[in-house]
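So this block is work_27.cif, mmCIF, C-alpha atoms:
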```cif
data_input
loop_
_atom_site.label_atom_id
_atom_site.label_comp_id
_atom_site.auth_asym_id
_atom_site.auth_seq_id
_atom_site.Cartn_x
_atom_site.Cartn_y
_atom_site.Cartn_z
CA MET D 486 103.08 62.23 130.96
CA ARG D 487 105.89 60.04 132.18
CA SER D 488 109.44 61.08 131.51
CA ILE D 489 112.02 58.44 131.01
CA THR D 490 115.43 59.44 132.16
CA GLN D 491 118.80 58.30 131.10
CA ASP D 492 119.00 55.51 133.64
CA GLU D 493 116.07 53.70 132.09
CA PRO D 494 116.81 51.17 129.37
CA ARG D 495 114.62 52.73 126.70
CA CYS D 496 115.97 56.21 127.14
CA ARG D 497 119.47 54.85 127.35
CA ALA D 498 119.00 53.02 124.05
CA ILE D 499 117.71 56.15 122.34
CA LEU D 500 120.54 58.28 123.68
CA GLU D 501 123.09 55.61 122.74
CA ALA D 502 121.76 55.74 119.20
CA LEU D 503 122.50 59.46 119.09
CA ARG D 504 126.22 58.75 119.40
CA GLN D 505 126.96 62.04 121.08
CA ARG D 506 128.35 61.72 124.59
CA PRO D 507 128.67 64.16 127.46
CA PRO D 508 129.65 66.96 127.45
CA PHE D 509 128.21 67.09 123.93
CA LEU D 510 124.97 65.26 124.71
CA PHE D 511 122.23 67.76 125.52
CA ILE D 512 119.32 65.49 126.41
CA ASP D 513 118.85 63.62 129.67
CA ALA D 514 115.15 62.77 129.67
CA LEU D 515 112.42 62.04 127.13
CA ASP D 516 108.66 62.15 127.52
CA PHE D 517 107.43 58.69 126.80
CA ARG D 518 104.21 59.89 125.25
CA SER D 519 105.06 62.83 123.05
CA PRO D 520 102.75 64.08 120.29
CA PRO D 521 102.90 62.19 116.99
CA ALA D 522 106.03 62.71 114.90
CA ALA D 523 107.57 64.71 117.70
CA ALA D 524 109.75 64.43 120.74
CA VAL D 525 109.65 66.25 124.03
CA ALA D 526 113.05 66.10 125.64
CA HIS D 527 114.58 67.68 128.70
CA PHE D 528 118.00 68.87 129.71
CA THR D 529 119.80 70.85 132.34
CA PHE D 530 123.12 72.32 131.31
CA PRO D 531 125.50 71.36 134.12
CA GLU D 532 127.12 74.21 135.98
CA GLU D 533 130.47 72.48 135.98
CA ALA D 534 130.65 72.17 132.17
CA PRO D 535 134.04 73.49 131.00
CA TYR D 536 132.63 75.83 128.35
CA PHE D 537 131.07 78.01 131.04
CA GLU D 538 134.54 79.06 132.15
CA GLY D 539 134.76 81.05 128.94
CA HIS D 540 131.09 81.84 128.28
CA PHE D 541 131.30 84.00 130.23
CA PRO D 542 133.79 84.29 133.09
CA GLY D 543 131.78 84.96 136.24
CA ASP D 544 128.51 85.06 134.26
CA PRO D 545 127.70 81.64 132.84
CA VAL D 546 125.34 81.70 129.86
CA VAL D 547 124.45 78.71 127.70
CA PRO D 548 125.92 79.37 124.23
CA GLY D 549 123.23 79.68 121.59
CA VAL D 550 124.95 77.25 119.25
CA LEU D 551 124.73 74.55 121.93
CA LEU D 552 120.99 75.17 122.15
CA VAL D 553 120.85 74.62 118.40
CA GLU D 554 122.75 71.37 118.81
CA ALA D 555 120.30 70.35 121.54
CA MET D 556 117.42 71.01 119.16
CA ALA D 557 119.09 68.86 116.51
CA GLN D 558 119.52 66.04 119.03
CA ALA D 559 115.87 66.34 120.04
CA THR D 560 114.99 66.01 116.36
CA ARG D 561 116.97 62.78 116.13
CA CYS D 562 115.11 61.50 119.20
CA ALA D 563 111.84 62.32 117.44
CA LEU D 564 112.98 60.29 114.45
CA TYR D 565 113.86 57.33 116.62
CA LEU D 566 110.71 57.43 118.73
CA TYR D 567 108.15 57.65 116.02
CA LEU D 568 109.66 56.61 112.76
CA GLY D 569 111.88 53.79 113.89
CA VAL D 570 114.89 55.31 112.24
CA SER D 571 118.27 55.80 113.75
CA ALA D 572 121.18 56.69 111.56
CA PRO D 573 124.15 58.99 111.76
CA GLY D 574 123.37 62.47 110.60
CA TYR D 575 124.31 66.09 110.93
CA LEU D 576 122.77 69.51 110.89
CA VAL D 577 122.76 71.09 107.43
CA ARG D 578 120.28 73.99 107.53
CA ILE D 579 118.92 76.39 110.09
CA GLU D 580 116.21 78.98 109.50
CA GLY D 581 114.35 81.27 111.82
CA CYS D 582 116.61 80.56 114.76
CA ARG D 583 115.96 82.99 117.59
CA PHE D 584 117.58 83.12 121.00
CA GLN D 585 115.06 85.02 123.01
CA LYS D 586 116.26 84.80 126.58
CA LEU D 587 119.55 84.12 128.28
CA VAL D 588 119.66 80.53 129.46
CA ARG D 589 121.73 79.69 132.50
CA PRO D 590 123.27 76.42 133.69
CA GLY D 591 121.13 74.64 136.24
CA GLU D 592 117.87 75.68 134.56
CA ARG D 593 115.59 72.83 133.49
CA LEU D 594 114.83 73.10 129.78
CA THR D 595 112.16 71.40 127.71
CA LEU D 596 112.90 70.85 124.03
CA ARG D 597 110.12 70.14 121.60
CA ALA D 598 110.99 68.89 118.12
CA THR D 599 108.25 68.25 115.56
CA ILE D 600 109.24 66.44 112.37
CA GLU D 601 108.20 68.12 109.12
CA ASP D 602 108.97 67.38 105.50
CA ALA D 603 110.59 64.03 106.07
CA GLU D 604 111.50 62.49 102.73
CA GLY D 605 111.52 58.86 101.96
CA LEU D 606 111.08 57.57 105.46
CA THR D 607 110.20 53.92 105.32
CA GLY D 608 110.65 52.74 108.85
CA TRP D 609 112.88 50.02 110.16
CA ALA D 610 113.77 48.17 107.02
CA GLY D 611 115.46 49.64 104.00
CA THR D 612 115.66 53.14 105.35
CA THR D 613 116.20 55.72 102.70
CA VAL D 614 116.28 58.75 104.92
CA ARG D 615 118.00 61.73 103.50
CA MET D 616 116.87 65.14 104.75
CA VAL D 617 114.62 65.60 107.74
CA GLY D 618 113.18 68.95 108.74
CA ALA D 619 111.84 69.86 112.14
CA ARG D 620 110.46 72.81 114.04
CA CYS D 621 112.07 73.05 117.42
CA THR D 622 111.32 75.12 120.47
CA VAL D 623 113.09 75.36 123.81
CA PHE D 624 111.04 76.25 126.88
CA ARG D 625 112.00 77.17 130.41
CA SER D 626 109.20 77.10 132.96
CA GLY D 627 106.70 77.20 130.13
CA LYS D 628 108.23 80.27 128.46
CA ARG D 629 109.83 80.06 125.05
CA VAL D 630 113.53 80.86 125.21
CA ALA D 631 114.70 79.70 121.79
CA ARG D 632 113.35 78.30 118.54
CA ALA D 633 114.58 77.18 115.15
CA ARG D 634 113.66 75.26 112.05
CA VAL D 635 116.41 72.72 111.46
CA THR D 636 117.18 70.29 108.68
CA LEU D 637 119.31 67.23 109.30
CA HIS D 638 121.07 65.19 106.68
CA MET D 639 120.69 61.58 107.69
CA GLU D 640 123.04 58.99 106.29
CA ALA D 641 120.90 56.20 104.92
CA LEU D 642 122.28 53.30 106.85
CA PRO D 643 119.79 50.57 107.73
CA VAL D 644 121.02 50.45 111.28
CA PRO D 645 119.26 47.67 113.20
CA LEU D 646 118.18 49.11 116.51
CA PRO D 647 118.86 47.15 119.69
CA GLU D 648 115.96 45.36 121.32
CA VAL D 649 115.05 47.11 124.55
CA SER D 650 113.12 45.43 127.32
CA ASP D 651 111.58 48.20 129.36
CA THR D 652 111.43 46.56 132.74
CA SER D 653 111.59 49.78 134.68
CA ASN D 654 108.42 50.96 136.40
CA LYS D 655 110.02 54.07 137.83
CA SER D 656 108.30 57.35 137.11
CA LYS D 657 110.52 60.35 137.13
CA GLY D 658 109.46 63.91 136.44
CA GLY D 659 111.35 65.88 133.85
CA MET H 721 104.59 99.87 94.57
CA THR H 722 101.83 98.30 96.65
CA THR H 723 98.87 100.50 97.45
CA TRP H 724 98.17 99.72 101.05
CA THR H 725 94.77 100.01 102.64
CA GLU H 726 94.34 99.92 106.39
CA GLY H 727 92.73 96.53 106.13
CA ALA H 728 95.61 95.13 104.13
CA ILE H 729 98.08 96.63 106.59
CA ARG H 730 96.24 95.02 109.50
CA ASP H 731 96.20 91.64 107.73
CA ALA H 732 99.88 91.85 106.90
CA ILE H 733 100.77 92.78 110.47
CA CYS H 734 98.69 90.05 112.05
CA ASN H 735 99.49 87.34 109.56
CA THR H 736 102.96 87.95 108.21
CA VAL H 737 104.67 90.06 110.84
CA LEU H 738 103.22 88.59 114.02
CA PHE H 739 101.73 85.14 113.48
CA GLU H 740 104.16 83.77 110.90
CA GLY H 741 107.14 85.95 111.71
CA LEU H 742 107.14 85.13 115.42
CA GLU H 743 105.82 81.58 114.94
CA LEU H 744 103.09 82.30 117.43
CA ASP H 745 101.45 78.93 116.85
CA GLY H 746 104.39 77.51 118.75
CA LEU H 747 103.18 79.52 121.73
CA GLY H 748 99.66 78.19 121.37
CA VAL H 749 98.37 81.43 119.85
CA LYS H 750 95.88 81.24 116.98
CA LEU H 751 95.68 83.85 114.24
CA GLU H 752 92.13 84.67 115.28
CA ASP H 753 93.41 85.51 118.78
CA LEU H 754 95.15 88.58 117.35
CA LYS H 755 92.64 91.36 117.83
CA GLY H 756 93.20 95.10 117.66
CA GLU H 757 93.39 95.42 121.41
CA THR H 758 95.74 92.45 121.86
CA MET H 759 98.72 93.65 123.81
CA LEU H 760 102.05 92.66 122.33
CA LEU H 761 104.73 93.14 125.01
CA SER H 762 102.65 93.03 128.16
CA GLU H 763 102.31 89.88 130.26
CA GLU H 764 98.57 90.43 129.95
CA GLY H 765 98.87 89.94 126.19
CA LEU H 766 101.32 88.02 124.08
CA ALA H 767 104.19 88.75 126.50
CA LEU H 768 106.64 89.17 123.64
CA ASP H 769 110.20 89.96 124.61
CA SER H 770 112.82 92.37 123.34
CA VAL H 771 114.06 89.98 120.66
CA ASP H 772 110.50 89.55 119.38
CA ALA H 773 110.12 93.33 119.37
CA LEU H 774 113.20 93.73 117.20
CA GLU H 775 111.93 90.97 114.95
CA ILE H 776 108.65 92.85 114.52
CA ILE H 777 110.52 95.99 113.50
CA VAL H 778 112.69 94.14 110.99
CA ALA H 779 109.61 92.50 109.50
CA VAL H 780 107.66 95.77 109.33
CA GLN H 781 110.56 97.41 107.53
CA LYS H 782 110.71 94.58 105.04
CA VAL H 783 106.99 94.10 104.43
CA PHE H 784 106.08 97.78 104.14
CA GLY H 785 109.37 99.15 102.79
CA LEU H 786 109.79 101.46 105.75
CA SER H 787 112.91 102.71 107.42
CA ILE H 788 112.58 103.05 111.17
CA PRO H 789 115.53 104.99 112.53
CA ASN H 790 114.81 105.73 116.16
CA LEU H 791 114.50 102.49 118.06
CA ASP H 792 114.41 103.59 121.63
CA THR H 793 112.35 102.38 124.55
CA ALA H 794 109.76 105.10 124.02
CA PHE H 795 109.24 103.94 120.45
CA PHE H 796 108.55 100.37 121.50
CA GLU H 797 106.28 101.36 124.36
CA LYS H 798 104.21 103.63 122.17
CA ASN H 799 103.99 101.77 118.89
CA LEU H 800 104.18 98.16 119.96
CA ARG H 801 101.72 98.42 122.80
CA THR H 802 98.89 96.70 120.92
CA VAL H 803 98.13 95.42 117.44
CA ASP H 804 96.14 98.63 116.86
CA THR H 805 99.03 100.92 117.83
CA LEU H 806 101.34 99.07 115.47
CA VAL H 807 98.79 99.32 112.65
CA ASP H 808 98.38 103.04 113.38
CA TYR H 809 102.15 103.53 113.23
CA VAL H 810 102.45 101.83 109.86
CA VAL H 811 99.41 103.68 108.46
CA ALA H 812 100.89 106.99 109.58
CA SER H 813 104.33 106.13 108.20
CA LEU H 814 103.00 105.11 104.82
CA ASN H 815 100.81 108.20 104.57
CA ILE H 816 103.79 110.39 105.26
CA THR H 817 105.71 108.69 102.47
CA PHE H 818 102.90 109.26 100.00
CA GLU H 819 102.53 112.92 100.88
CA THR H 820 106.18 113.73 100.24
CA ALA H 821 106.50 111.59 97.11
CA MET Q 476 149.68 90.72 97.79
CA ALA Q 477 150.43 91.38 101.46
CA GLU Q 478 147.35 91.84 103.59
CA ARG Q 479 147.09 95.01 105.57
CA ARG Q 480 146.56 94.25 109.22
CA ARG Q 481 145.02 96.92 111.38
CA VAL Q 482 143.88 95.24 114.55
CA PHE Q 483 142.24 97.85 116.67
CA ALA Q 484 139.89 95.59 118.58
CA GLY Q 485 140.73 91.93 118.52
CA VAL Q 486 140.02 88.60 120.06
CA GLY Q 487 141.14 89.81 123.47
CA GLU Q 488 138.26 92.30 123.63
CA LEU Q 489 135.61 89.61 123.33
CA ARG Q 490 133.64 88.63 126.39
CA GLN Q 491 134.24 85.02 125.49
CA LYS Q 492 137.40 83.56 126.97
CA ARG Q 493 139.12 80.21 126.65
CA PRO Q 494 138.08 77.53 126.12
CA PHE Q 495 135.09 79.04 124.30
CA VAL Q 496 137.00 81.30 121.91
CA TYR Q 497 136.63 80.33 118.28
CA VAL Q 498 138.56 83.08 116.52
CA ASP Q 499 142.35 82.82 116.58
CA ARG Q 500 143.37 85.76 114.37
CA VAL Q 501 141.59 88.65 112.72
CA TRP Q 502 142.47 91.11 110.02
CA GLN Q 503 140.59 93.84 108.24
CA GLU Q 504 141.06 94.87 104.66
CA ASP Q 505 139.86 98.00 102.95
CA ASP Q 506 136.18 97.66 103.69
CA ALA Q 507 135.41 98.90 107.21
CA LEU Q 508 132.15 96.99 107.20
CA SER Q 509 133.77 93.59 106.86
CA LEU Q 510 136.30 91.54 108.75
CA LYS Q 511 138.26 88.40 108.12
CA GLY Q 512 139.61 85.88 110.56
CA VAL Q 513 140.76 82.35 110.99
CA VAL Q 514 140.25 79.63 113.57
CA THR Q 515 142.25 76.43 113.64
CA PHE Q 516 140.35 73.32 114.61
CA ASP Q 517 142.83 71.49 116.78
CA THR Q 518 142.73 68.38 118.88
CA SER Q 519 141.70 70.25 122.02
CA ARG Q 520 138.68 68.47 123.47
CA GLU Q 521 138.11 71.49 125.63
CA ARG Q 522 137.27 73.56 122.57
CA PHE Q 523 135.99 71.03 120.10
CA PHE Q 524 134.56 68.22 122.20
CA ASP Q 525 135.31 65.58 119.56
CA PRO Q 526 138.19 66.61 117.27
CA GLU Q 527 137.45 63.61 115.06
CA SER Q 528 134.17 65.12 113.91
CA VAL Q 529 133.77 68.82 114.51
CA PRO Q 530 130.27 70.00 113.65
CA GLY Q 531 129.40 73.16 111.79
CA ILE Q 532 127.93 74.86 114.82
CA PHE Q 533 131.47 75.78 115.81
CA ALA Q 534 131.81 77.68 112.54
CA LEU Q 535 128.61 79.51 113.48
CA GLU Q 536 130.05 80.42 116.86
CA ALA Q 537 133.26 81.57 115.16
CA LEU Q 538 131.28 83.79 112.79
CA ALA Q 539 129.30 85.19 115.71
CA GLN Q 540 132.49 86.03 117.58
CA LEU Q 541 134.09 87.59 114.52
CA SER Q 542 130.92 89.64 114.11
CA GLY Q 543 131.26 90.74 117.70
CA ILE Q 544 134.78 92.00 117.05
CA LEU Q 545 133.66 93.87 113.94
CA LEU Q 546 130.79 95.49 115.81
CA LEU Q 547 133.19 96.51 118.57
CA ARG Q 548 135.26 98.31 115.97
CA LEU Q 549 132.28 99.94 114.29
CA THR Q 550 130.21 100.99 117.24
CA GLY Q 551 132.40 101.06 120.31
CA TYR Q 552 129.73 99.10 122.16
CA PRO Q 553 131.53 97.20 124.87
CA ARG Q 554 131.75 93.44 124.47
CA GLY Q 555 130.19 93.29 121.04
CA GLY Q 556 126.70 92.05 121.82
CA LEU Q 557 124.75 88.80 121.91
CA LEU Q 558 123.76 86.49 119.10
CA VAL Q 559 119.98 86.54 118.90
CA GLY Q 560 119.22 85.16 115.46
CA LEU Q 561 120.43 82.88 112.70
CA ASP Q 562 118.90 82.58 109.24
CA ASP Q 563 119.87 81.25 105.86
CA VAL Q 564 122.35 78.89 107.52
CA GLU Q 565 123.92 76.12 105.52
CA LEU Q 566 126.43 73.78 107.10
CA GLY Q 567 128.73 71.21 105.55
CA GLU Q 568 129.57 67.82 106.92
CA LEU Q 569 131.53 67.23 110.08
CA ARG Q 570 135.23 67.88 109.79
CA ARG Q 571 138.24 66.34 111.43
CA ALA Q 572 140.89 68.40 113.18
CA PRO Q 573 143.32 69.85 112.28
CA ALA Q 574 141.75 72.29 109.88
CA ASP Q 575 142.13 76.00 109.27
CA VAL Q 576 138.74 77.64 108.91
CA HIS Q 577 138.77 80.96 107.10
CA LEU Q 578 136.07 83.31 108.31
CA TYR Q 579 134.50 86.37 106.74
CA VAL Q 580 131.69 88.62 107.96
CA HIS Q 581 130.22 91.82 106.61
CA VAL Q 582 127.51 94.09 107.86
CA VAL Q 583 124.23 94.21 105.98
CA GLY Q 584 122.26 96.24 108.54
CA LEU Q 585 123.25 98.29 111.55
CA SER Q 586 121.14 100.07 114.12
CA SER Q 587 121.45 101.01 117.75
CA ARG Q 588 120.03 97.71 118.97
CA LEU Q 589 120.29 95.13 116.26
CA SER Q 590 122.88 94.43 113.61
CA ARG Q 591 122.76 91.88 110.85
CA LEU Q 592 125.80 90.36 109.26
CA ARG Q 593 126.42 87.81 106.55
CA GLY Q 594 129.19 85.35 107.24
CA THR Q 595 131.00 82.52 105.51
CA ALA Q 596 133.50 79.91 106.63
CA HIS Q 597 135.78 78.11 104.20
CA ILE Q 598 138.07 75.11 104.63
CA ASP Q 599 140.65 74.44 101.92
CA GLY Q 600 138.94 76.98 99.70
CA CYS Q 601 135.56 75.23 99.95
CA LEU Q 602 132.54 76.81 101.56
CA TRP Q 603 131.74 75.00 104.80
CA CYS Q 604 129.28 77.31 106.44
CA ARG Q 605 127.30 80.39 105.60
CA ALA Q 606 124.87 82.32 107.75
CA LEU Q 607 122.94 85.50 108.30
CA LEU Q 608 123.52 86.53 111.91
CA ALA Q 609 121.54 88.95 114.06
CA ILE Q 610 123.43 90.48 116.97
CA HIS Q 611 121.67 92.37 119.71
CA HIS Q 612 123.65 95.10 121.40
CA GLN Q 613 122.55 94.25 124.86
CA TYR Q 614 125.12 96.46 126.48
CA ALA Q 615 124.55 99.50 124.29
CA ALA Q 616 125.81 102.51 126.17
CA GLY Q 617 125.33 105.14 123.47
CA ARG Q 618 129.07 105.61 123.19
CA GLY Q 619 131.39 105.13 120.28
CA ALA Q 620 130.97 106.22 116.72
CA PHE Q 621 127.19 105.95 116.75
CA GLY Q 622 126.34 106.92 120.26
CA GLY Q 623 124.96 110.00 121.91
CA GLY Q 624 121.34 109.01 121.41
CA GLY Q 625 121.46 109.17 117.64
CA VAL Q 626 121.23 106.08 115.55
CA TYR Q 627 123.24 105.34 112.49
CA GLU Q 628 121.48 102.99 110.16
CA ILE Q 629 122.75 101.16 107.15
CA HIS Q 630 120.41 99.26 104.90
CA ASN Q 631 122.60 97.74 102.33
CA ALA Q 632 121.58 94.14 101.98
CA ARG Q 633 124.10 92.31 99.87
#
```
Show this structure as structure tokens.
Amino acid sequence: MRSITQDEPRCRAILEALRQRPPFLFIDALDFRSPPAAAVAHFTFPEEAPYFEGHFPGDPVVPGVLLVEAMAQATRCALYLYLGVSAPGYLVRIEGCRFQKLVRPGERLTLRATIEDAEGLTGWAGTTVRMVGARCTVFRSGKRVARARVTLHMEALPVPLPEVSDTSNKSKGG
Amino acid sequence: MTTWTEGAIRDAICNTVLFEGLELDGLGVKLEDLKGETMLLSEEGLALDSVDALEIIVAVQKVFGLSIPNLDTAFFEKNLRTVDTLVDYVVASLNITFETA
Amino acid sequence: MAERRRVFAGVGELRQKRPFVYVDRVWQEDDALSLKGVVTFDTSRERFFDPESVPGIFALEALAQLSGILLLRLTGYPRGGLLVGLDDVELGELRRAPADVHLYVHVVGLSSRLSRLRGTAHIDGCLWCRALLAIHHQYAAGRGAFGGGGVYEIHNAR
């Protein structure tokens, strides 16, 4: 499974569509062939991120709420990849969120977001997206470290997505 | 009040407490994989962690109406060793309740 | 009516330090199992990343930290514990700084290893976030009001 990283046009276009920017962008690679209606994304929290100075001094731990945000961003990637929808949105519900292991900066994480209960998705034209639910899991070296069921409220803007010519033949592991 | 049989307790533990409660399908575990001898916390079994263990206890309390006061390491090691030991714990706890009612 | 302020453990006792502190003031009223606080969303990018649109997850972190302070007061466990679970969370739309977010948490279950609290966050009198939080006392040392090997348990879901 080939991962596309943020220096490839397709990944760049997807991440641009998310609108978040570092240090509040928590995805840096996407698996090009993820399961249907899902996304498999990757991220490494950078050790130099300013929030680690306070969480915690001398003992950096990724804050759980930032893992939740990462899961929400992975969900938006899933929407873009498979349903052709990109629109501004925000997290409105969380259920069954569990932080099972401490996550440290520098650890490579895999985020899996599977779309469920999407309402009124119609694809590129005339999007009427409202609420999108997803089951998300975060793995580290194949072990589950966090999970949640998230619901995003998507603003129904028929945003035309930029054309992307994927001329890159690079293959980078995630 | 529900009248629990051992079979119903086992079903509730496997289905509601473990499979659904811990979202084990996300770990690639199927419901039919949960046998009596399936180890819960050990790496040789489901390799559940301390947060999962607490989740199991909260779910057991809710599903069976139990109160579990002494949550120490010995408790987890004894009663959450396998599916069978957890079933045995709940069966014993519910029997005690009935006897003193 | 003037609020009584008895700050025994406060923000300074949290493990979290700037810039990742999301409770600015706390105060406790009559009920020992609840705590109120406030955090001001300001234009600090260090704390809020994008002050033009602050997402609800920062309210969740604020509620978690307020819960940590309350648990410090109740149990004496050092550093309050770690957030291990979130349920029944509802979040409002993104907000722009400045905004005062009024926080409230109360305990619905307490044991030696896991506590559950319900929390709400309001802005301008409107509910912006609510959550059921589970806090694991990772650093439980058996000291404080409920230490010594015994376990004090409250089951009082509200």
Among listed residues Q:Ser519, Q:Ser590, Q:Thr550, Q:Ser509, nearest Val778 of chain H (using all atoms listed in the file):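 Smallest separation from Val778 of chain H among the options: Q:Ser590.
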Expected selection from the PyMOL selection byres ((chain H and resi 776) around 9), given as a VMD selection string: chain H and resid 733 737 to 738 741 to 742 771 to 775 777 to 781 800
Determine the residue membership of the PyMOL selection byres ((chain Q and resi 569-573) around 7) for the file above and supply it as a short mmCIF file (atom, residue, chain, number, x, y, z; two decimals) with C-alpha atoms, in the coordinates of the input.
```cif
data_model
loop_
_atom_site.label_atom_id
_atom_site.label_comp_id
_atom_site.auth_asym_id
_atom_site.auth_seq_id
_atom_site.Cartn_x
_atom_site.Cartn_y
_atom_site.Cartn_z
CA THR Q 515 142.25 76.43 113.64
CA PHE Q 516 140.35 73.32 114.61
CA ASP Q 517 142.83 71.49 116.78
CA THR Q 518 142.73 68.38 118.88
CA PRO Q 526 138.19 66.61 117.27
CA GLU Q 527 137.45 63.61 115.06
CA SER Q 528 134.17 65.12 113.91
CA VAL Q 529 133.77 68.82 114.51
CA PRO Q 530 130.27 70.00 113.65
CA GLY Q 531 129.40 73.16 111.79
CA GLY Q 567 128.73 71.21 105.55
CA GLU Q 568 129.57 67.82 106.92
CA ALA Q 574 141.75 72.29 109.88
CA ASP Q 575 142.13 76.00 109.27
#
```
Hits from the PyMOL selection byres ((chain D) within 10 of (chain Q)), listed as a PyMOL selection string: chain D and resi 505-509+534-542+548-551+553-554+574-587+631-638
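Across H:Thr736, H:Thr793, H:Thr725, H:Thr758, the tightest approach to chain Q is made by H:Thr793 when counting only C-alpha atoms.
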Would you fill the gaps in segment 525-543 of chain D so it has N, CA and C atoms, then print it as a tab-separated table (two decimals), in the frame of the given file?
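The resulting out_21.tsv:
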```tsv
chain	number	residue	atom	x	y	z
D	525	VAL	N	109.52	65.26	122.98
D	525	VAL	CA	109.65	66.25	124.03
D	525	VAL	C	110.78	65.77	124.92
D	526	ALA	N	111.85	66.50	124.92
D	526	ALA	CA	113.05	66.10	125.64
D	526	ALA	C	113.35	67.14	126.72
D	527	HIS	N	114.24	66.78	127.61
D	527	HIS	CA	114.58	67.68	128.70
D	527	HIS	C	116.08	67.69	128.91
D	528	PHE	N	116.57	68.81	129.41
D	528	PHE	CA	118.00	68.87	129.71
D	528	PHE	C	118.28	70.01	130.67
D	529	THR	N	119.27	69.80	131.48
D	529	THR	CA	119.80	70.85	132.34
D	529	THR	C	121.28	70.97	132.03
D	530	PHE	N	121.69	72.13	131.56
D	530	PHE	CA	123.12	72.32	131.31
D	530	PHE	C	123.84	72.32	132.65
D	531	PRO	N	124.85	71.46	132.81
D	531	PRO	CA	125.50	71.36	134.12
D	531	PRO	C	126.41	72.54	134.41
D	532	GLU	N	126.36	73.02	135.62
D	532	GLU	CA	127.12	74.21	135.98
D	532	GLU	C	128.62	74.00	135.87
D	533	GLU	N	129.03	72.73	136.01
D	533	GLU	CA	130.47	72.48	135.98
D	533	GLU	C	131.01	72.28	134.56
D	534	ALA	N	130.16	72.39	133.54
D	534	ALA	CA	130.65	72.17	132.17
D	534	ALA	C	131.78	73.15	131.85
D	535	PRO	N	132.85	72.66	131.21
D	535	PRO	CA	134.04	73.49	131.00
D	535	PRO	C	133.80	74.72	130.16
D	536	TYR	N	132.82	74.67	129.22
D	536	TYR	CA	132.63	75.83	128.35
D	536	TYR	C	132.13	77.05	129.10
D	537	PHE	N	131.54	76.85	130.29
D	537	PHE	CA	131.07	78.01	131.04
D	537	PHE	C	132.22	78.85	131.60
D	538	GLU	N	133.40	78.25	131.68
D	538	GLU	CA	134.54	79.06	132.15
D	538	GLU	C	134.80	80.23	131.21
D	539	GLY	N	134.49	80.00	129.91
D	539	GLY	CA	134.76	81.05	128.94
D	539	GLY	C	133.51	81.73	128.40
D	540	HIS	N	132.33	81.28	128.83
D	540	HIS	CA	131.09	81.84	128.28
D	540	HIS	C	130.05	82.00	129.36
D	541	PHE	N	130.22	83.03	130.23
D	541	PHE	CA	131.30	84.00	130.23
D	541	PHE	C	131.94	83.94	131.62
D	542	PRO	N	133.15	84.35	131.78
D	542	PRO	CA	133.79	84.29	133.09
D	542	PRO	C	132.97	85.05	134.14
D	543	GLY	N	132.57	84.34	135.17
D	543	GLY	CA	131.78	84.96	136.24
D	543	GLY	C	130.31	85.18	135.90
```
